[in-house]
Amino acid sequence: MLIVLCVDVNVKVLDKLIKRKNIVNYIKAQRLSRFGHVQRMPDIKTVKKIFNWKALTKRSQGRPKYEWEDNIKQDICQMKIKNWIACAQDRGKWKEVVEKAKTFSN
């Protein structure tokens, strides 16, 4: 009973948070929004340094894990955004991309 109640409350909170929008598109739009924010940061910011950092060691054997940047590039390719680097630097244009992602369908 308690588990069902918690799940019901979580679903209600999620519905209130995303206002009955498609959750996949909502997550994609949030990810693109954050990406644009990081791209506009000056290079001296710690977050930007971490984003641009590449590991010196090799990955473990097996299928490579998806990274956040891989998901972003996949989203950009699906939406067929040309010249996304310049677009991310312009806050107005990038906001249009994020809004487009909210209603995008494959």
# chains A, B, ... in the order shown; residues from 1 in each chain; ligands from 1

call {"tool": "residues_around", "arguments": {"residues": "region 77-83 of chain A", "least_positions_apart": "4", "cutoff": "9 Å", "atoms": "only C-alpha atoms", "output": "ChimeraX atom specification"}}
result
/A:72-73,87-88,97,100-101,104-106

call {"tool": "closest_residue", "arguments": {"among": "A:His37, A:Lys28, A:Lys54, A:Lys45", "to": "Gly92 (chain A)", "atoms": "only C-alpha atoms"}}
result
A:His37

call {"tool": "atom_distance", "arguments": {"atom1": "CA of Asn10 (chain A)", "atom2": "CA of Lys65 (chain A)"}}
result
28.6 Å

call {"tool": "residues_around", "arguments": {"residues": "Asn71 (chain A)", "least_positions_apart": "3", "cutoff": "12 Å", "atoms": "only C-alpha atoms", "output": "ChimeraX atom specification"}}
result
/A:27-29,31-32,35,65-68,74-78

call {"tool": "write_last_selection", "arguments": {"atoms": "N, CA and C atoms", "output": "CSV table (one decimal), in the first residue's frame"}}
result
chain,number,residue,atom,x,y,z
A,27,ILE,N,12.9,16.0,-21.4
A,27,ILE,CA,14.3,15.8,-21.0
A,27,ILE,C,15.3,16.2,-22.0
A,28,LYS,N,15.0,16.0,-23.3
A,28,LYS,CA,15.8,16.4,-24.4
A,28,LYS,C,16.0,17.9,-24.4
A,29,ALA,N,14.9,18.6,-24.2
A,29,ALA,CA,14.9,20.1,-24.2
A,29,ALA,C,15.8,20.6,-23.0
A,31,ARG,N,18.2,19.0,-21.6
A,31,ARG,CA,19.6,18.7,-21.9
A,31,ARG,C,20.2,19.7,-22.8
A,32,LEU,N,19.4,20.0,-23.9
A,32,LEU,CA,19.9,21.0,-24.9
A,32,LEU,C,20.1,22.4,-24.3
A,35,PHE,N,23.2,22.4,-22.3
A,35,PHE,CA,24.3,22.4,-23.2
A,35,PHE,C,24.6,23.8,-23.7
A,65,LYS,N,30.2,3.2,-23.1
A,65,LYS,CA,29.0,3.9,-22.4
A,65,LYS,C,28.7,5.2,-23.1
A,66,TYR,N,27.4,5.5,-23.2
A,66,TYR,CA,27.0,6.8,-23.7
A,66,TYR,C,27.4,7.9,-22.8
A,67,GLU,N,28.0,9.0,-23.3
A,67,GLU,CA,28.3,10.1,-22.5
A,67,GLU,C,27.2,11.2,-22.8
A,68,TRP,N,27.2,12.2,-21.9
A,68,TRP,CA,26.2,13.3,-22.0
A,68,TRP,C,26.4,13.9,-23.4
A,74,GLN,N,23.5,13.4,-30.7
A,74,GLN,CA,22.4,12.6,-31.3
A,74,GLN,C,21.2,13.4,-31.4
A,75,ASP,N,20.8,14.2,-30.4
A,75,ASP,CA,19.7,15.1,-30.4
A,75,ASP,C,19.8,16.1,-31.5
A,76,ILE,N,21.0,16.7,-31.7
A,76,ILE,CA,21.2,17.7,-32.7
A,76,ILE,C,21.1,17.1,-34.1
A,77,CYS,N,21.6,15.9,-34.3
A,77,CYS,CA,21.5,15.2,-35.6
A,77,CYS,C,20.1,14.9,-35.9
A,78,GLN,N,19.3,14.4,-34.9
A,78,GLN,CA,17.9,14.0,-35.1
A,78,GLN,C,17.1,15.3,-35.5

call {"tool": "select_by_dssp", "arguments": {"residues": "chain A", "states": "helix (DSSP H, G or I)", "output": "PyMOL selection string"}}
result
chain A and resi 2-18+23-40+46-52+68-78+84-89+91-102

call {"tool": "residues_around", "arguments": {"residues": "Ile85 (chain A)", "least_positions_apart": "6", "cutoff": "10 Å", "atoms": "only C-alpha atoms", "output": "short mmCIF file (atom, residue, chain, number, x, y, z; two decimals) with C-alpha atoms, in the first residue's frame"}}
result
data_model
loop_
_atom_site.label_atom_id
_atom_site.label_comp_id
_atom_site.auth_asym_id
_atom_site.auth_seq_id
_atom_site.Cartn_x
_atom_site.Cartn_y
_atom_site.Cartn_z
CA GLY A 36 23.78 25.83 -24.63
CA GLN A 39 28.79 26.39 -24.50
CA ARG A 40 28.28 30.10 -23.78
CA TRP A 94 19.43 28.40 -29.03
#

call {"tool": "atom_distance", "arguments": {"atom1": "CA of Ala86 (chain A)", "atom2": "CA of Thr46 (chain A)"}}
result
21.6 Å
